[in-house]
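Undergrad: Coordinates in query01.cif, mmCIF, C-alpha atoms; chains and numbers go by the auth columns, are listed below.
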```
data_my_file
#
loop_
_atom_site.group_PDB
_atom_site.id
_atom_site.type_symbol
_atom_site.label_atom_id
_atom_site.label_comp_id
_atom_site.label_asym_id
_atom_site.label_seq_id
_atom_site.Cartn_x
_atom_site.Cartn_y
_atom_site.Cartn_z
_atom_site.B_iso_or_equiv
_atom_site.auth_seq_id
_atom_site.auth_asym_id
ATOM 1 C CA GLU A 1 -40.616 -11.708 -24.057 0.00 30 A
ATOM 2 C CA THR A 2 -37.930 -9.282 -22.953 0.00 31 A
ATOM 3 C CA GLY A 3 -38.815 -5.690 -22.163 0.00 32 A
ATOM 4 C CA VAL A 4 -36.647 -4.055 -24.826 0.00 33 A
ATOM 5 C CA THR A 5 -35.924 -5.897 -28.070 0.00 34 A
ATOM 6 C CA GLN A 6 -33.312 -4.866 -30.612 0.00 35 A
ATOM 7 C CA THR A 7 -32.792 -6.148 -34.128 0.00 36 A
ATOM 8 C CA PRO A 8 -30.571 -7.162 -35.730 0.00 37 A
ATOM 9 C CA ARG A 9 -28.179 -8.490 -33.097 0.00 38 A
ATOM 10 C CA HIS A 10 -25.253 -8.218 -35.468 0.00 39 A
ATOM 11 C CA LEU A 11 -24.757 -6.078 -38.575 0.00 40 A
ATOM 12 C CA VAL A 12 -21.872 -5.787 -40.983 0.00 41 A
ATOM 13 C CA MET A 13 -22.035 -2.997 -43.518 0.00 42 A
ATOM 14 C CA GLY A 14 -19.860 -1.208 -45.990 0.00 43 A
ATOM 15 C CA MET A 15 -19.281 2.513 -45.825 0.00 44 A
ATOM 16 C CA THR A 16 -21.652 3.182 -48.711 0.00 45 A
ATOM 17 C CA ASN A 17 -24.545 1.084 -47.395 0.00 46 A
ATOM 18 C CA LYS A 18 -27.756 2.268 -45.807 0.00 47 A
ATOM 19 C CA LYS A 19 -29.161 0.215 -42.967 0.00 48 A
ATOM 20 C CA SER A 20 -31.480 0.668 -40.006 0.00 49 A
ATOM 21 C CA LEU A 21 -31.411 -0.545 -36.424 0.00 50 A
ATOM 22 C CA LYS A 22 -34.727 -1.289 -34.774 0.00 51 A
ATOM 23 C CA CYS A 23 -35.766 -1.137 -31.143 0.00 52 A
ATOM 24 C CA GLU A 24 -39.098 -2.063 -29.607 0.00 53 A
ATOM 25 C CA GLN A 25 -40.104 -1.748 -25.977 0.00 54 A
ATOM 26 C CA HIS A 26 -42.970 -3.677 -24.391 0.00 55 A
ATOM 27 C CA LEU A 27 -42.921 -1.870 -21.047 0.00 56 A
ATOM 28 C CA GLY A 28 -45.376 0.938 -21.717 0.00 57 A
ATOM 29 C CA HIS A 29 -42.622 3.529 -21.297 0.00 58 A
ATOM 30 C CA ASN A 30 -42.732 7.035 -22.692 0.00 59 A
ATOM 31 C CA ALA A 31 -39.036 7.706 -23.292 0.00 60 A
ATOM 32 C CA MET A 32 -36.534 5.905 -25.499 0.00 61 A
ATOM 33 C CA TYR A 33 -32.796 6.314 -25.969 0.00 62 A
ATOM 34 C CA TRP A 34 -29.919 5.364 -28.234 0.00 63 A
ATOM 35 C CA TYR A 35 -26.499 4.787 -26.672 0.00 64 A
ATOM 36 C CA LYS A 36 -23.197 3.942 -28.354 0.00 65 A
ATOM 37 C CA GLN A 37 -20.742 1.636 -26.605 0.00 66 A
ATOM 38 C CA SER A 38 -17.280 1.597 -28.170 0.00 67 A
ATOM 39 C CA ALA A 39 -14.444 -0.604 -27.006 0.00 68 A
ATOM 40 C CA LYS A 40 -12.657 0.840 -23.989 0.00 69 A
ATOM 41 C CA LYS A 41 -14.927 3.897 -23.804 0.00 70 A
ATOM 42 C CA PRO A 42 -17.850 4.704 -21.513 0.00 71 A
ATOM 43 C CA LEU A 43 -21.342 4.538 -22.913 0.00 72 A
ATOM 44 C CA GLU A 44 -22.217 7.633 -24.900 0.00 73 A
ATOM 45 C CA LEU A 45 -25.747 8.985 -25.067 0.00 74 A
ATOM 46 C CA MET A 46 -26.752 9.719 -28.666 0.00 75 A
ATOM 47 C CA PHE A 47 -30.449 10.571 -28.713 0.00 76 A
ATOM 48 C CA VAL A 48 -33.404 10.811 -26.351 0.00 77 A
ATOM 49 C CA TYR A 49 -37.051 10.709 -27.360 0.00 78 A
ATOM 50 C CA SER A 50 -39.886 11.601 -25.028 0.00 79 A
ATOM 51 C CA LEU A 51 -43.439 10.914 -26.227 0.00 80 A
ATOM 52 C CA GLU A 52 -42.079 10.598 -29.769 0.00 81 A
ATOM 53 C CA GLU A 53 -40.398 14.005 -29.650 0.00 82 A
ATOM 54 C CA ARG A 54 -36.621 14.217 -29.827 0.00 83 A
ATOM 55 C CA VAL A 55 -35.459 15.991 -26.698 0.00 84 A
ATOM 56 C CA GLU A 56 -31.741 15.340 -26.820 0.00 85 A
ATOM 57 C CA ASN A 57 -29.185 15.119 -29.586 0.00 86 A
ATOM 58 C CA ASN A 58 -25.655 14.829 -28.290 0.00 87 A
ATOM 59 C CA SER A 59 -23.757 16.311 -31.223 0.00 88 A
ATOM 60 C CA VAL A 60 -24.145 13.126 -33.188 0.00 89 A
ATOM 61 C CA PRO A 61 -22.998 13.194 -36.853 0.00 90 A
ATOM 62 C CA SER A 62 -25.780 13.443 -39.404 0.00 91 A
ATOM 63 C CA ARG A 63 -24.927 10.023 -40.801 0.00 92 A
ATOM 64 C CA PHE A 64 -26.928 8.755 -37.818 0.00 93 A
ATOM 65 C CA SER A 65 -30.622 9.595 -38.156 0.00 94 A
ATOM 66 C CA PRO A 66 -33.103 8.552 -35.459 0.00 95 A
ATOM 67 C CA GLU A 67 -36.801 8.014 -35.933 0.00 96 A
ATOM 68 C CA CYS A 68 -39.479 7.428 -33.306 0.00 97 A
ATOM 69 C CA PRO A 69 -42.847 6.739 -34.994 0.00 98 A
ATOM 70 C CA ASN A 70 -44.562 5.918 -31.690 0.00 99 A
ATOM 71 C CA SER A 71 -43.655 5.459 -28.052 0.00 100 A
ATOM 72 C CA SER A 72 -42.933 1.741 -28.515 0.00 101 A
ATOM 73 C CA HIS A 73 -40.602 1.882 -31.505 0.00 102 A
ATOM 74 C CA LEU A 74 -37.292 3.558 -32.158 0.00 103 A
ATOM 75 C CA PHE A 75 -35.104 3.343 -35.227 0.00 104 A
ATOM 76 C CA LEU A 76 -31.568 4.427 -36.002 0.00 105 A
ATOM 77 C CA HIS A 77 -31.005 4.940 -39.719 0.00 106 A
ATOM 78 C CA LEU A 78 -27.393 4.607 -40.819 0.00 107 A
ATOM 79 C CA HIS A 79 -25.772 5.859 -44.021 0.00 108 A
ATOM 80 C CA THR A 80 -22.220 6.421 -45.230 0.00 109 A
ATOM 81 C CA LEU A 81 -20.756 5.290 -41.924 0.00 110 A
ATOM 82 C CA GLN A 82 -17.073 5.259 -41.068 0.00 111 A
ATOM 83 C CA PRO A 83 -15.044 2.363 -39.618 0.00 112 A
ATOM 84 C CA GLU A 84 -14.816 4.246 -36.305 0.00 113 A
ATOM 85 C CA ASP A 85 -18.589 3.946 -36.032 0.00 114 A
ATOM 86 C CA SER A 86 -18.164 0.237 -35.343 0.00 115 A
ATOM 87 C CA ALA A 87 -19.594 -0.310 -31.869 0.00 116 A
ATOM 88 C CA LEU A 88 -22.402 -1.828 -29.838 0.00 117 A
ATOM 89 C CA TYR A 89 -25.534 0.289 -30.184 0.00 118 A
ATOM 90 C CA LEU A 90 -27.843 -0.003 -27.221 0.00 119 A
ATOM 91 C CA CYS A 91 -31.447 1.048 -27.049 0.00 120 A
ATOM 92 C CA ALA A 92 -33.080 1.854 -23.716 0.00 121 A
ATOM 93 C CA SER A 93 -36.413 3.015 -22.394 0.00 122 A
ATOM 94 C CA SER A 94 -37.681 4.647 -19.222 0.00 123 A
ATOM 95 C CA GLN A 95 -41.093 5.355 -17.781 0.00 124 A
ATOM 96 C CA ASP A 96 -40.794 9.064 -18.426 0.00 125 A
ATOM 97 C CA ALA A 97 -38.219 11.419 -19.803 0.00 126 A
ATOM 98 C CA PRO A 98 -35.707 11.528 -16.990 0.00 127 A
ATOM 99 C CA GLN A 99 -36.607 14.563 -14.903 0.00 128 A
ATOM 100 C CA ALA A 100 -36.059 12.681 -11.693 0.00 129 A
ATOM 101 C CA PRO A 101 -32.617 11.452 -10.611 0.00 130 A
ATOM 102 C CA ASN A 102 -34.021 7.987 -9.840 0.00 131 A
ATOM 103 C CA GLU A 103 -35.443 7.327 -13.316 0.00 132 A
ATOM 104 C CA LYS A 104 -34.231 3.864 -14.263 0.00 133 A
ATOM 105 C CA LEU A 105 -33.309 2.840 -17.795 0.00 134 A
ATOM 106 C CA PHE A 106 -34.108 -0.568 -19.204 0.00 135 A
ATOM 107 C CA PHE A 107 -31.782 -1.682 -21.979 0.00 136 A
ATOM 108 C CA GLY A 108 -31.955 -4.051 -24.899 0.00 137 A
ATOM 109 C CA SER A 109 -29.169 -6.472 -25.818 0.00 138 A
ATOM 110 C CA GLY A 110 -27.793 -4.154 -28.457 0.00 139 A
ATOM 111 C CA THR A 111 -26.768 -4.368 -32.086 0.00 140 A
ATOM 112 C CA GLN A 112 -23.093 -5.088 -32.687 0.00 141 A
ATOM 113 C CA LEU A 113 -22.233 -3.016 -35.742 0.00 142 A
ATOM 114 C CA SER A 114 -19.126 -3.503 -37.850 0.00 143 A
ATOM 115 C CA VAL A 115 -18.358 -1.005 -40.601 0.00 144 A
ATOM 116 C CA LEU A 116 -15.912 -2.234 -43.226 0.00 145 A
ATOM 117 C CA ALA B 1 -20.423 18.399 -15.570 0.00 25 B
ATOM 118 C CA GLN B 2 -20.602 14.898 -14.212 0.00 26 B
ATOM 119 C CA LYS B 3 -17.870 12.323 -14.055 0.00 27 B
ATOM 120 C CA ILE B 4 -17.771 8.703 -12.945 0.00 28 B
ATOM 121 C CA THR B 5 -14.494 6.935 -12.230 0.00 29 B
ATOM 122 C CA GLN B 6 -14.083 3.181 -11.953 0.00 30 B
ATOM 123 C CA THR B 7 -10.436 2.452 -11.237 0.00 31 B
ATOM 124 C CA GLN B 8 -10.579 -1.350 -11.446 0.00 32 B
ATOM 125 C CA PRO B 9 -10.573 -2.545 -15.066 0.00 33 B
ATOM 126 C CA GLY B 10 -10.732 -6.153 -13.891 0.00 34 B
ATOM 127 C CA MET B 11 -11.460 -8.016 -10.666 0.00 35 B
ATOM 128 C CA PHE B 12 -11.365 -11.666 -9.647 0.00 36 B
ATOM 129 C CA VAL B 13 -13.288 -13.246 -6.793 0.00 37 B
ATOM 130 C CA GLN B 14 -13.674 -16.772 -5.541 0.00 38 B
ATOM 131 C CA GLU B 15 -17.153 -18.237 -5.732 0.00 39 B
ATOM 132 C CA LYS B 16 -19.196 -17.666 -2.532 0.00 40 B
ATOM 133 C CA GLU B 17 -16.977 -14.807 -1.393 0.00 41 B
ATOM 134 C CA ALA B 18 -17.893 -11.120 -1.294 0.00 42 B
ATOM 135 C CA VAL B 19 -16.409 -8.534 -3.634 0.00 43 B
ATOM 136 C CA THR B 20 -16.409 -4.732 -3.707 0.00 44 B
ATOM 137 C CA LEU B 21 -16.385 -2.803 -6.966 0.00 45 B
ATOM 138 C CA ASP B 22 -15.220 0.782 -6.613 0.00 46 B
ATOM 139 C CA CYS B 23 -16.926 3.869 -7.977 0.00 47 B
ATOM 140 C CA THR B 24 -16.188 7.523 -7.340 0.00 48 B
ATOM 141 C CA TYR B 25 -18.074 10.417 -8.840 0.00 49 B
ATOM 142 C CA ASP B 26 -17.904 14.132 -9.289 0.00 50 B
ATOM 143 C CA THR B 27 -20.852 16.470 -9.730 0.00 51 B
ATOM 144 C CA SER B 28 -21.961 19.973 -8.832 0.00 52 B
ATOM 145 C CA ASP B 29 -25.626 18.971 -8.667 0.00 53 B
ATOM 146 C CA PRO B 30 -27.162 19.260 -5.188 0.00 54 B
ATOM 147 C CA SER B 31 -29.274 16.180 -5.821 0.00 55 B
ATOM 148 C CA TYR B 32 -28.359 13.170 -7.874 0.00 56 B
ATOM 149 C CA GLY B 33 -28.889 9.473 -8.272 0.00 57 B
ATOM 150 C CA LEU B 34 -26.331 6.701 -8.508 0.00 58 B
ATOM 151 C CA PHE B 35 -26.889 3.436 -10.363 0.00 59 B
ATOM 152 C CA TRP B 36 -25.127 0.170 -10.940 0.00 60 B
ATOM 153 C CA TYR B 37 -25.701 -1.886 -14.057 0.00 61 B
ATOM 154 C CA LYS B 38 -24.457 -5.346 -15.011 0.00 62 B
ATOM 155 C CA GLN B 39 -23.587 -6.230 -18.602 0.00 63 B
ATOM 156 C CA PRO B 40 -23.062 -9.941 -19.285 0.00 64 B
ATOM 157 C CA SER B 41 -21.521 -11.144 -22.511 0.00 65 B
ATOM 158 C CA SER B 42 -24.981 -11.106 -24.120 0.00 66 B
ATOM 159 C CA GLY B 43 -24.745 -7.306 -24.197 0.00 67 B
ATOM 160 C CA GLU B 44 -27.865 -6.314 -22.293 0.00 68 B
ATOM 161 C CA MET B 45 -27.388 -3.756 -19.525 0.00 69 B
ATOM 162 C CA ILE B 46 -29.233 -4.983 -16.442 0.00 70 B
ATOM 163 C CA PHE B 47 -30.206 -2.550 -13.669 0.00 71 B
ATOM 164 C CA LEU B 48 -28.980 -3.724 -10.261 0.00 72 B
ATOM 165 C CA ILE B 49 -29.370 -1.029 -7.643 0.00 73 B
ATOM 166 C CA TYR B 50 -30.089 2.658 -7.113 0.00 74 B
ATOM 167 C CA GLN B 51 -28.980 5.139 -4.429 0.00 75 B
ATOM 168 C CA GLY B 52 -30.353 8.665 -4.065 0.00 76 B
ATOM 169 C CA SER B 53 -28.014 11.329 -2.780 0.00 77 B
ATOM 170 C CA TYR B 54 -30.386 12.224 0.045 0.00 78 B
ATOM 171 C CA ASP B 55 -31.244 8.667 1.033 0.00 79 B
ATOM 172 C CA GLN B 56 -30.409 8.121 4.675 0.00 80 B
ATOM 173 C CA GLN B 57 -29.593 4.462 4.348 0.00 81 B
ATOM 174 C CA ASN B 58 -27.430 2.524 1.937 0.00 82 B
ATOM 175 C CA ALA B 59 -29.427 0.750 -0.739 0.00 83 B
ATOM 176 C CA THR B 60 -29.683 -3.028 -0.764 0.00 84 B
ATOM 177 C CA GLU B 61 -31.174 -5.405 -3.354 0.00 85 B
ATOM 178 C CA GLY B 62 -30.745 -9.054 -2.511 0.00 86 B
ATOM 179 C CA ARG B 63 -27.040 -9.877 -2.715 0.00 87 B
ATOM 180 C CA TYR B 64 -26.215 -6.357 -3.896 0.00 88 B
ATOM 181 C CA SER B 65 -25.583 -3.448 -1.575 0.00 89 B
ATOM 182 C CA LEU B 66 -24.281 0.000 -2.232 0.00 90 B
ATOM 183 C CA ASN B 67 -21.699 1.448 0.148 0.00 91 B
ATOM 184 C CA PHE B 68 -22.522 5.142 -0.230 0.00 92 B
ATOM 185 C CA GLN B 69 -20.097 7.618 1.296 0.00 93 B
ATOM 186 C CA LYS B 70 -21.301 11.049 0.276 0.00 94 B
ATOM 187 C CA ALA B 71 -18.443 13.058 1.752 0.00 95 B
ATOM 188 C CA ARG B 72 -15.941 10.933 -0.130 0.00 96 B
ATOM 189 C CA LYS B 73 -18.120 10.891 -3.256 0.00 97 B
ATOM 190 C CA SER B 74 -17.960 7.150 -3.504 0.00 98 B
ATOM 191 C CA ALA B 75 -20.656 4.597 -4.300 0.00 99 B
ATOM 192 C CA ASN B 76 -19.074 1.176 -4.176 0.00 100 B
ATOM 193 C CA LEU B 77 -21.045 -1.943 -5.101 0.00 101 B
ATOM 194 C CA VAL B 78 -20.761 -4.908 -2.776 0.00 102 B
ATOM 195 C CA ILE B 79 -21.761 -8.327 -4.071 0.00 103 B
ATOM 196 C CA SER B 80 -22.093 -10.930 -1.363 0.00 104 B
ATOM 197 C CA ALA B 81 -21.807 -14.686 -1.884 0.00 105 B
ATOM 198 C CA SER B 82 -20.546 -14.403 -5.455 0.00 106 B
ATOM 199 C CA GLN B 83 -21.917 -16.820 -8.036 0.00 107 B
ATOM 200 C CA LEU B 84 -20.458 -17.908 -11.365 0.00 108 B
ATOM 201 C CA GLY B 85 -23.304 -16.073 -13.075 0.00 109 B
ATOM 202 C CA ASP B 86 -22.065 -12.810 -11.586 0.00 110 B
ATOM 203 C CA SER B 87 -19.172 -12.810 -14.066 0.00 111 B
ATOM 204 C CA ALA B 88 -19.860 -9.743 -16.196 0.00 112 B
ATOM 205 C CA MET B 89 -18.978 -6.123 -16.806 0.00 113 B
ATOM 206 C CA TYR B 90 -20.271 -3.782 -14.101 0.00 114 B
ATOM 207 C CA PHE B 91 -20.965 -0.106 -14.725 0.00 115 B
ATOM 208 C CA CYS B 92 -21.496 2.688 -12.247 0.00 116 B
ATOM 209 C CA ALA B 93 -23.628 5.582 -13.476 0.00 117 B
ATOM 210 C CA MET B 94 -25.138 8.781 -12.196 0.00 118 B
ATOM 211 C CA ARG B 95 -27.722 11.397 -13.075 0.00 119 B
ATOM 212 C CA GLY B 96 -28.112 14.873 -11.607 0.00 120 B
ATOM 213 C CA ILE B 97 -31.134 17.170 -11.551 0.00 121 B
ATOM 214 C CA SER B 98 -29.837 20.272 -13.302 0.00 122 B
ATOM 215 C CA SER B 99 -31.446 20.908 -16.667 0.00 123 B
ATOM 216 C CA GLY B 100 -28.274 20.200 -18.585 0.00 124 B
ATOM 217 C CA SER B 101 -27.586 16.886 -16.947 0.00 125 B
ATOM 218 C CA ALA B 102 -31.048 15.610 -16.075 0.00 126 B
ATOM 219 C CA ARG B 103 -31.333 13.521 -19.210 0.00 127 B
ATOM 220 C CA GLN B 104 -27.766 12.306 -19.140 0.00 128 B
ATOM 221 C CA LEU B 105 -27.092 9.043 -17.391 0.00 129 B
ATOM 222 C CA THR B 106 -23.294 9.299 -17.217 0.00 130 B
ATOM 223 C CA PHE B 107 -21.485 5.975 -17.127 0.00 131 B
ATOM 224 C CA GLY B 108 -18.075 4.943 -15.864 0.00 132 B
ATOM 225 C CA SER B 109 -15.677 2.827 -17.902 0.00 133 B
ATOM 226 C CA GLY B 110 -16.701 -0.372 -16.155 0.00 134 B
ATOM 227 C CA THR B 111 -15.117 -3.209 -14.173 0.00 135 B
ATOM 228 C CA GLN B 112 -14.886 -6.719 -15.587 0.00 136 B
ATOM 229 C CA LEU B 113 -15.659 -9.154 -12.765 0.00 137 B
ATOM 230 C CA THR B 114 -14.667 -12.792 -13.062 0.00 138 B
ATOM 231 C CA VAL B 115 -15.941 -15.284 -10.491 0.00 139 B
ATOM 232 C CA LEU B 116 -13.651 -18.277 -10.086 0.00 140 B
ATOM 233 C CA PRO B 117 -15.030 -21.744 -9.222 0.00 141 B
#
```
Starting from the coordinates I provided, produce the structure as structure tokens.

TA:
Amino acid sequence: ETGVTQTPRHLVMGMTNKKSLKCEQHLGHNAMYWYKQSAKKPLELMFVYSLEERVENNSVPSRFSPECPNSSHLFLHLHTLQPEDSALYLCASSQDAPQAPNEKLFFGSGTQLSVL
Amino acid sequence: AQKITQTQPGMFVQEKEAVTLDCTYDTSDPSYGLFWYKQPSSGEMIFLIYQGSYDQQNATEGRYSLNFQKARKSANLVISASQLGDSAMYFCAMRGISSGSARQLTFGSGTQLTVLP
């Protein structure tokens, strides 16, 4: 069983659909993250949760809505997305919210999202 | 503000040879950490190696070593004895300690490494 599991692996949705991405970590970590990886662009941090509290929101449009019901699960709810939102969405976790420079992130395999 | 620059979009190396992937960074933080991650075609980002800005020695992890030159603000990844399974995208990343950047792991644009048989 991998440390960070993301479902689904692939998702195709229309601009009017509502869907959710799921992430689960089995590492006993306290912090979870959503990153967006677009083609030919560096990874962009979207949200950070520490002990189920959102501690970072990087000016992400409201059509992306995160939810962290407990320290092991993280969701990204999607609605009325745009074609430019097509990307690989990566979930990550770390032992603690990253106060120390050496805090390592452990990533899932991502959800490849295509918005038509 | 932090910035990571990877100037090699793609690199080729012959199997069993060593390869160096370049990374330069810019930060005003007095203390920071530098990371390298590997992303195979499966999509998962895999942590490879970490270097602290105040570490006296260059970090090593198996076949991976980090050539850290603080004055030049470079943190190049050296992979020795390349294997076919090393073919992947490689990302350099950093995190500082200031309150604005502490939670941000800033990534470079990546280098696509292809190992040739």

Undergrad: Leaving out Asp125 of chain A and any residue of its chain fewer than 5 positions from it, which residues lie within 7 Å of it when counting all atoms listed in the file, given as a list in words?

TA: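 That gives His58, Asn59 and Ala60 of chain A.
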
Undergrad: Taking all atoms listed in the file into account, which of B:Met69, B:Leu101, B:Leu108, B:Leu58 comes nearest Gln66 of chain A?

TA: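 With all atoms listed in the file as the atom set, the closest residue is B:Met69.
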
Undergrad: Ranking B:Thr130, B:Asn100, B:Gln32, B:Ser111 by minimum distance to Gln63 of chain B and counting all atoms listed in the file, which one comes first?

TA: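 Of the candidates, the smallest distance to Gln63 of chain B is held by B:Ser111.
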
Undergrad: Measure the distance from atom CA of Ser115 of chain A to atom CA of Lys65 of chain A in Å and round it to one decimal.

TA: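 About the pair atom CA of Ser115 of chain A and atom CA of Lys65 of chain A: they are 9.4 Å apart.
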
Undergrad: For the file shown, what are the residues hit by the PyMOL selection byres ((chain A) within 9 of (chain B)), laid out as a count of residues only?

TA: 27

Undergrad: Go through A:Ala68, A:Ser100, A:Met42, A:Val144 one by one, measure the shortest atom-to-atom distance of each to Arg83 of chain A using only C-alpha atoms, and give the residue with the smallest value.

TA: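 Closest residue, counting only C-alpha atoms: A:Ser100.
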
Undergrad: Enclose segment 46-52 of chain A, meaning all of its atoms listed in the file, in a box aligned along x, y and z, pad it by 5 Å on each side, and list the centre and edge lengths in Å to one decimal, as JSON.

TA:
```
{"center_x": -30.2, "center_y": 0.5, "center_z": -39.3, "size_x": 21.2, "size_y": 13.6, "size_z": 26.3}
```

Undergrad: So, with all atoms listed in the file as the atoms that count, which of A:Leu80, A:Val89, A:Leu107, A:Ala121 lies closest to Ser143 of chain A?

TA: A:Leu107

Undergrad: Which residues would end up in the selection if the PyMOL selection byres ((chain B and resi 109) around 12) were applied here, given that I need the answer as a list in words?

TA: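 Evaluating the PyMOL selection byres ((chain B and resi 109) around 12) on these coordinates yields Glu39, Lys40, Lys62, Gln63, Pro64, Ser65, Ile103, Ala105, Ser106, Gln107, Leu108, Asp110, Ser111, Ala112, Met113, Leu137, Thr138, Val139, Leu140 and Pro141 of chain B.
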
Undergrad: So how many Å separate atom CA of Thr135 of chain B and atom CA of Tyr118 of chain A, to one decimal?

TA: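 Straight-line distance from atom CA of Thr135 of chain B to atom CA of Tyr118 of chain A works out to 19.4 Å.
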
Undergrad: I'd like the residues picked by the PyMOL selection byres ((chain A and resi 48) around 8) written out as an mmCIF file with C-alpha atoms, keeping the file's coordinate frame, using the chain letters and numbers from the file.

TA:
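As written to disk, result.cif reads:
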```
data_model
loop_
_atom_site.group_PDB
_atom_site.id
_atom_site.type_symbol
_atom_site.label_atom_id
_atom_site.label_comp_id
_atom_site.auth_asym_id
_atom_site.auth_seq_id
_atom_site.Cartn_x
_atom_site.Cartn_y
_atom_site.Cartn_z
ATOM 1 C CA MET A 42 -22.035 -2.997 -43.518
ATOM 2 C CA ASN A 46 -24.545 1.084 -47.395
ATOM 3 C CA LYS A 47 -27.756 2.268 -45.807
ATOM 4 C CA SER A 49 -31.480 0.668 -40.006
ATOM 5 C CA LEU A 50 -31.411 -0.545 -36.424
ATOM 6 C CA HIS A 106 -31.005 4.940 -39.719
ATOM 7 C CA LEU A 107 -27.393 4.607 -40.819
ATOM 8 C CA HIS A 108 -25.772 5.859 -44.021
#
```

Undergrad: Tell me which of B:Ala99, B:Leu72, B:Met35, B:Ala25 sits closest to Ser52 of chain B, counting only C-alpha atoms.

TA: B:Ala25

Undergrad: In Å, with one decimal, what is the gap from atom CA of Ser67 of chain A to atom CA of Cys97 of chain A?

TA: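 Here the two named atoms are 23.5 Å from each other.
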
Undergrad: So, counting only C-alpha atoms, which residue among A:Ser101, A:Ser79, A:Gln124, A:Ser88 is closest to Gln35 of chain A?

TA: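 Selected residue with least distance to Gln35 of chain A: A:Ser101.
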
Undergrad: Using all atoms listed in the file - which residues lie no farther than 9 Å from the point (-38.3, -0.2, -31.9) in the file's frame? Write them as a PyMOL selection string.

TA: chain A and resi 33-36+50-54+97-104+120

Undergrad: Just want the 6 Å neighbourhood of Ser89 of chain B, counted on all atoms listed in the file, with same-chain residues fewer than 2 positions away dropped. Output as a PyMOL selection string.

TA: chain B and resi 83-84+101-102
